[in-house]
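Listing of target_5.cif, mmCIF, C-alpha atoms and all ligand atoms
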```cif
data_target
#
loop_
_atom_site.label_atom_id
_atom_site.label_comp_id
_atom_site.auth_asym_id
_atom_site.auth_seq_id
_atom_site.Cartn_x
_atom_site.Cartn_y
_atom_site.Cartn_z
CA MET L 1 -65.78 108.96 41.15
CA SER L 2 -62.66 107.05 40.08
CA ILE L 3 -59.33 108.86 39.68
CA LEU L 4 -59.52 108.31 35.91
CA GLU L 5 -62.98 109.89 35.73
CA THR L 6 -61.78 112.84 37.85
CA VAL L 7 -58.82 113.42 35.50
CA LYS L 8 -61.05 113.13 32.40
CA THR L 9 -63.49 115.64 33.85
CA TRP L 10 -60.67 118.02 34.74
CA VAL L 11 -59.02 117.75 31.29
CA LYS L 12 -62.31 118.31 29.47
CA HIS L 13 -63.39 121.09 31.88
CA GLU L 14 -66.63 119.19 32.38
CA THR L 15 -68.90 120.00 35.28
CA GLN L 16 -70.63 117.36 37.34
CA HIS L 17 -74.34 117.95 37.55
CA ARG L 18 -76.82 116.73 40.13
CA ALA L 19 -80.26 116.66 38.56
CA ALA L 20 -83.70 115.64 39.74
CA VAL L 21 -86.05 113.38 37.83
CA VAL L 22 -89.13 115.53 37.17
CA GLN L 23 -90.96 113.22 34.75
CA VAL L 24 -90.55 109.61 33.76
CA ARG L 25 -92.70 107.33 31.63
CA THR L 26 -92.36 104.00 29.89
CA LEU L 27 -93.10 103.94 26.16
CA GLN L 28 -94.36 100.72 24.54
CA GLY L 29 -92.70 98.79 27.41
CA VAL L 30 -89.34 99.21 25.71
CA LEU L 31 -88.13 102.75 26.25
CA ARG L 32 -87.91 104.99 29.30
CA HIS L 33 -88.49 108.68 28.62
CA ILE L 34 -86.71 110.51 31.45
CA THR L 35 -86.85 114.27 32.08
CA LEU L 36 -84.13 115.69 34.31
CA GLU L 37 -83.93 119.16 35.76
CA ALA L 38 -80.97 121.03 37.28
CA GLU L 39 -80.15 124.70 37.76
CA SER L 40 -76.63 123.98 36.45
CA PHE L 41 -78.03 122.76 33.09
CA LYS L 42 -78.88 126.41 32.36
CA HIS L 43 -75.15 127.14 32.08
CA MET L 44 -74.30 124.28 29.70
CA THR L 45 -73.11 125.83 26.46
CA ASP L 46 -71.67 123.08 24.25
CA TYR L 47 -74.87 121.30 23.21
CA ALA L 48 -75.38 120.20 19.62
CA PRO L 49 -78.15 117.89 18.37
CA GLY L 50 -76.87 114.31 18.67
CA ARG L 51 -74.64 114.83 21.71
CA ALA L 52 -74.78 112.66 24.82
CA VAL L 53 -74.31 112.82 28.57
CA SER L 54 -72.49 110.38 30.85
CA VAL L 55 -74.86 109.28 33.58
CA TYR L 56 -73.59 107.73 36.81
CA ILE L 57 -76.02 104.90 37.30
CA ASP L 58 -74.66 104.17 40.79
CA GLY L 59 -75.64 107.69 41.89
CA ALA L 60 -73.43 109.73 44.19
CA THR L 61 -70.68 107.09 44.18
CA GLN L 62 -70.03 108.05 40.53
CA ARG L 63 -68.04 105.01 39.48
CA VAL L 64 -70.35 103.31 37.01
CA GLY L 65 -71.17 105.44 34.00
CA ARG L 66 -73.32 104.89 30.92
CA LYS L 67 -73.73 107.20 27.93
CA TYR L 68 -77.19 108.37 26.93
CA SER L 69 -77.98 110.79 24.13
CA VAL L 70 -79.97 113.93 24.65
CA TYR L 71 -83.48 113.71 23.22
CA ARG L 72 -84.28 117.32 24.09
CA PHE L 73 -82.24 120.06 25.77
CA ASP L 74 -83.94 123.16 27.14
CA ALA L 75 -81.30 125.50 28.56
CA THR L 76 -83.89 128.07 29.59
CA ARG L 77 -85.71 125.66 31.90
CA GLY L 78 -82.58 123.65 32.76
CA ARG L 79 -84.01 120.41 31.38
CA ILE L 80 -82.50 117.39 29.65
CA GLU L 81 -84.64 114.55 28.29
CA LEU L 82 -83.34 111.04 27.59
CA LEU L 83 -84.75 107.95 25.89
CA VAL L 84 -83.25 104.83 27.41
CA HIS L 85 -83.73 101.41 25.84
CA LEU L 86 -85.00 98.83 28.35
CA HIS L 87 -83.13 95.87 26.89
CA GLY L 88 -83.12 94.13 30.27
CA ARG L 89 -79.57 92.80 30.20
CA GLY L 90 -77.47 95.44 31.98
CA PRO L 91 -77.31 97.81 34.95
CA GLY L 92 -78.04 100.90 32.82
CA SER L 93 -81.26 99.36 31.61
CA ALA L 94 -82.19 98.32 35.18
CA TRP L 95 -81.38 101.83 36.48
CA ALA L 96 -83.67 103.42 33.89
CA SER L 97 -86.53 101.03 34.57
CA LEU L 98 -86.45 101.78 38.33
CA LEU L 99 -86.18 105.58 38.22
CA THR L 100 -89.02 107.54 39.78
CA VAL L 101 -89.91 111.21 40.05
CA GLY L 102 -87.81 112.91 42.74
CA ASP L 103 -84.77 110.64 42.33
CA ASN L 104 -81.39 112.32 42.00
CA VAL L 105 -79.18 111.66 38.96
CA TRP L 106 -75.51 112.57 38.62
CA LEU L 107 -74.10 113.21 35.16
CA ARG L 108 -71.58 115.11 33.09
CA GLY L 109 -71.60 116.29 29.49
CA PHE L 110 -71.91 116.98 26.72
CA SER L 111 -69.88 114.61 24.53
CA GLY L 112 -70.14 112.85 21.19
CA ARG L 113 -69.32 113.41 17.54
CA VAL L 114 -72.43 112.08 15.78
CA THR L 115 -73.99 115.52 15.59
CA LEU L 116 -76.02 117.34 12.97
CA ASP L 117 -74.07 117.95 9.76
CA LEU L 118 -74.96 121.58 9.09
CA ALA L 119 -73.45 121.51 5.60
CA ARG L 120 -75.97 118.98 4.21
CA GLN L 121 -79.57 119.41 3.12
CA THR L 122 -80.39 115.69 3.11
CA HIS L 123 -79.91 113.34 6.08
CA TRP L 124 -80.03 109.53 6.22
CA PHE L 125 -80.11 107.43 9.39
CA PHE L 126 -79.34 103.79 10.25
CA GLY L 127 -80.09 102.82 13.84
CA ASP L 128 -82.02 100.92 16.50
CA ALA L 129 -83.88 101.63 19.76
CA THR L 130 -80.79 103.21 21.34
CA THR L 131 -80.51 105.80 18.57
CA LEU L 132 -84.01 107.26 18.77
CA ALA L 133 -82.93 110.14 21.04
CA PRO L 134 -79.97 111.42 18.98
CA PHE L 135 -81.68 110.82 15.64
CA ALA L 136 -84.83 112.60 16.83
CA ALA L 137 -82.72 115.55 18.02
CA ILE L 138 -80.77 115.72 14.75
CA SER L 139 -83.82 115.39 12.50
CA ARG L 140 -85.70 118.03 14.51
CA ALA L 141 -82.87 120.52 14.01
CA ALA L 142 -81.98 119.58 10.43
CA GLN L 143 -82.82 121.67 7.44
CA GLY L 144 -84.16 119.58 4.58
CA ARG L 145 -85.05 115.97 4.06
CA CYS L 146 -84.60 113.33 6.83
CA GLU L 147 -85.15 109.61 6.25
CA GLY L 148 -83.78 106.34 7.51
CA PHE L 149 -84.22 102.91 9.05
CA ILE L 150 -84.72 102.05 12.70
CA GLU L 151 -84.46 98.33 13.35
CA GLY L 152 -86.35 96.52 16.08
CA ASP L 153 -89.46 94.59 16.97
CA THR L 154 -93.07 95.76 16.51
CA ARG L 155 -92.84 97.94 19.63
CA ILE L 156 -90.23 100.05 17.85
CA ALA L 157 -92.64 100.47 14.93
CA SER L 158 -95.26 101.82 17.37
CA LEU L 159 -92.67 104.10 18.97
CA LEU L 160 -91.82 105.71 15.65
CA ASP L 161 -95.50 106.65 15.31
CA GLU L 162 -95.86 107.73 18.94
CA LEU L 163 -92.80 109.99 18.81
CA GLU L 164 -93.70 111.18 15.29
CA LEU L 165 -90.27 110.37 13.89
CA PRO L 166 -89.60 110.50 10.14
CA PHE L 167 -87.99 107.04 9.99
CA THR L 168 -89.05 103.72 8.51
CA TRP L 169 -89.30 100.67 10.75
CA LEU L 170 -87.07 97.77 9.80
CA ASP L 171 -88.42 94.51 11.21
CA GLN L 172 -85.77 92.79 13.30
CA ALA L 173 -87.22 89.52 12.04
CA GLY L 174 -87.18 87.61 15.32
CA GLY L 175 -83.79 88.85 16.53
CA LYS L 176 -81.84 87.31 13.68
CA ALA L 177 -78.89 89.08 12.01
CA SER L 178 -79.40 92.75 11.24
CA ARG L 179 -81.01 93.62 7.91
CA GLN L 180 -79.36 97.03 7.83
CA PRO L 181 -76.28 95.91 5.84
CA ALA L 182 -78.53 94.50 3.09
CA MET L 183 -80.49 97.77 2.99
CA ALA L 184 -77.25 99.78 2.85
CA ARG L 185 -76.18 97.68 -0.13
CA MET L 186 -79.32 98.13 -2.24
CA LEU L 187 -80.70 101.45 -1.10
CA ASP L 188 -81.14 104.26 -3.58
CA LEU L 189 -79.35 106.81 -1.39
CA PRO L 190 -79.75 110.48 -2.15
CA THR L 191 -76.46 112.31 -2.75
CA PRO L 192 -75.02 114.40 -1.37
CA ALA L 193 -76.36 113.41 2.05
CA ALA L 194 -75.14 113.18 5.63
CA ILE L 195 -75.39 109.56 6.76
CA TYR L 196 -75.60 108.81 10.45
CA ILE L 197 -74.99 105.22 11.60
CA ALA L 198 -75.31 104.26 15.29
CA GLY L 199 -76.49 101.43 17.55
CA ALA L 200 -75.14 97.86 17.69
CA ALA L 201 -71.37 97.95 17.05
CA GLN L 202 -71.30 95.02 14.62
CA THR L 203 -74.08 96.53 12.49
CA VAL L 204 -72.51 99.99 12.52
CA ARG L 205 -69.23 98.53 11.24
CA ALA L 206 -70.94 96.47 8.56
CA VAL L 207 -73.06 99.36 7.24
CA GLN L 208 -70.07 101.71 7.33
CA ASP L 209 -67.90 99.27 5.36
CA ILE L 210 -70.57 98.79 2.69
CA LEU L 211 -71.11 102.52 2.25
CA LEU L 212 -67.41 103.38 2.15
CA PHE L 213 -65.77 100.40 0.44
CA GLU L 214 -68.50 98.85 -1.71
CA ARG L 215 -70.44 101.97 -2.66
CA GLY L 216 -67.49 104.38 -2.54
CA LEU L 217 -69.16 107.08 -0.49
CA ASP L 218 -67.08 109.98 0.68
CA ARG L 219 -65.82 109.54 4.28
CA THR L 220 -66.87 113.08 5.14
CA SER L 221 -70.52 112.25 4.52
CA VAL L 222 -70.64 109.25 6.89
CA ARG L 223 -70.91 109.67 10.69
CA PRO L 224 -70.65 106.28 12.47
CA LYS L 225 -70.79 105.62 16.22
CA PRO L 226 -71.05 102.18 17.87
CA PHE L 227 -73.33 102.51 20.92
CA TRP L 228 -73.29 99.00 22.38
CA GLY L 229 -72.29 95.33 21.86
C1 LIG L 301 -72.48 108.22 22.57
C2 LIG L 301 -73.49 107.17 23.02
C3 LIG L 301 -74.83 107.54 23.13
C4 LIG L 301 -75.79 106.60 23.52
N1 LIG L 301 -77.11 106.97 23.61
C5 LIG L 301 -78.05 106.09 24.03
C6 LIG L 301 -79.43 106.46 24.18
O1 LIG L 301 -79.82 107.60 23.93
N2 LIG L 301 -80.31 105.51 24.61
C7 LIG L 301 -79.92 104.23 24.91
O2 LIG L 301 -80.75 103.41 25.29
N3 LIG L 301 -78.61 103.86 24.78
C8 LIG L 301 -77.68 104.75 24.37
N4 LIG L 301 -76.38 104.37 24.25
C9 LIG L 301 -76.07 102.98 24.49
C10 LIG L 301 -75.88 102.65 25.96
O3 LIG L 301 -74.88 103.46 26.52
C11 LIG L 301 -75.49 101.17 25.99
O4 LIG L 301 -76.53 100.38 25.49
C12 LIG L 301 -75.09 100.68 27.35
O5 LIG L 301 -74.28 99.55 27.15
C13 LIG L 301 -76.26 100.27 28.22
O6 LIG L 301 -75.75 99.89 29.47
P1 LIG L 301 -76.33 98.66 30.28
O7 LIG L 301 -75.73 98.77 31.65
O8 LIG L 301 -77.81 98.64 30.13
O9 LIG L 301 -75.74 97.38 29.54
P2 LIG L 301 -74.19 96.88 29.58
O10 LIG L 301 -73.77 96.57 30.97
O11 LIG L 301 -73.36 97.86 28.82
O12 LIG L 301 -74.28 95.55 28.72
C14 LIG L 301 -74.82 94.33 29.28
C15 LIG L 301 -75.17 93.39 28.15
O13 LIG L 301 -76.27 93.96 27.44
C16 LIG L 301 -75.96 94.13 26.06
N5 LIG L 301 -76.55 95.40 25.64
C17 LIG L 301 -76.17 96.67 25.96
N6 LIG L 301 -76.99 97.57 25.41
C18 LIG L 301 -77.91 96.85 24.71
C19 LIG L 301 -79.05 97.20 23.93
N7 LIG L 301 -79.40 98.48 23.76
N8 LIG L 301 -79.78 96.22 23.37
C20 LIG L 301 -79.46 94.93 23.55
N9 LIG L 301 -78.40 94.51 24.28
C21 LIG L 301 -77.66 95.47 24.87
C22 LIG L 301 -74.43 94.18 26.00
O14 LIG L 301 -73.96 93.77 24.73
C23 LIG L 301 -74.06 93.22 27.11
O15 LIG L 301 -74.13 91.88 26.65
C24 LIG L 301 -75.40 105.28 23.84
C25 LIG L 301 -74.04 104.93 23.75
C26 LIG L 301 -73.11 105.85 23.33
C27 LIG L 301 -71.65 105.44 23.24
#
```
Turn this file's structure into structure tokens for me.
Amino acid sequence: MSILETVKTWVKHETQHRAAVVQVRTLQGVLRHITLEAESFKHMTDYAPGRAVSVYIDGATQRVGRKYSVYRFDATRGRIELLVHLHGRGPGSAWASLLTVGDNVWLRGFSGRVTLDLARQTHWFFGDATTLAPFAAISRAAQGRCEGFIEGDTRIASLLDELELPFTWLDQAGGKASRQPAMARMLDLPTPAAIYIAGAAQTVRAVQDILLFERGLDRTSVRPKPFWG
């Protein structure tokens, strides 16, 4: 672990965990569903739906970290589940695609501010393949109505069905520019609602700007977080 990471961990009182991969499967060839188990997970207290862990993808060396959101957390069994997008362009994606049962994984957590807004009864989501884990966790825990758009190719459409998520597939239309800003502009949004925006940084910024500056939504109702790009 680098000196900076050590200091961060010390300041945030975060514990390093060594977990074992107990289950791993590939969904629609595009997502890796990873289940990790560690005795120390049973003592993690600061979980909230939407939070993430920092995984050291270089293992015990602990220098190269990537953030992945928690899909499910079971403190009783000491289990954390992740959904990692296999985009095929980076070491995190390669790490996830190669994991097998019995491998060790080092991580720390929890972190992240795009968590369930307990004050709202209606929840709207804008995201992509990387946001399925946090949005699933938030919508599972939310009281009231949950809707939203997840952008991607046809495999993402199948994933929404397979994982039984309450979101609408937005066709990525051959990898061209995101259609989320256009949807944010014309959507008949319920109010008041909590609006969660995550995924590709450029899209998150564009959707956020439209909601805040063009549509005049209250800042307190919008929860944006760029995940990548
Ligand atoms: C709080 C938080 C929570 C997150 N939760 C999740 C999660 O649950 N699941 C998940 O899959 N990701 C999640 N991410 C995103 C993930 O951390 C990034 O996608 C990360 O960059 C992946 O690392 P990498 O080594 O694969 O690619 P990098 O080395 O970071 O990037 C290599 C290249 O790939 C591109 N790239 C990175 N990610 C993607 C992508 N998803 N699609 C297309 N191109 C990409 C980059 O722009 C760059 O050009 C989260 C990020 C944050 C900040």
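Close to (-78.2, 116.2, 38.0), meaning no more than 8 Å away when counting all atoms listed in the file, sit the residues L:Gln16, L:His17, L:Arg18, L:Ala19, L:Ala20, L:Leu36, L:Glu37, L:Ala38, L:Asn104, L:Val105, L:Trp106, L:Leu107.
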Among listed residues L:Leu99, L:Ala157, L:Ala182, L:Ala193, nearest Gln143 in chain L (using all atoms listed in the file): L:Ala193
Show me which residues are within 10 Å of ligand LIG 301 (chain L) counting all atoms listed in the file, and format the list as number ranges by chain. L: 30-33, 50-55, 57, 64-71, 81-96, 110-114, 128-135, 152, 198-201, 225-229
Report as JSON the centre and the edge lengths, in Å to one decimal, of the axis-aligned box holding every listed atom of range 168-182 of chain L, padded by 8 Å on each side.
```
{"center_x": -82.8, "center_y": 95.5, "center_z": 9.8, "size_x": 29.0, "size_y": 32.4, "size_z": 29.4}
```
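Going from CA of Ile150 in chain L to CA of Leu170 in chain L covers 5.7 Å.
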How many Å separate CA of Leu116 in chain L from CA of Arg185 in chain L? 23.6 Å
Give as a ChimeraX atom specification each residue that has an atom at most 12 Å from (-73.9, 126.3, 26.5) in the file, counting only C-alpha atoms. /L:14-15,40-48,73-76,78,109-110
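One distance worth recording is that between CA of Val222 in chain L and CA of Phe167 in chain L, which is 17.8 Å.
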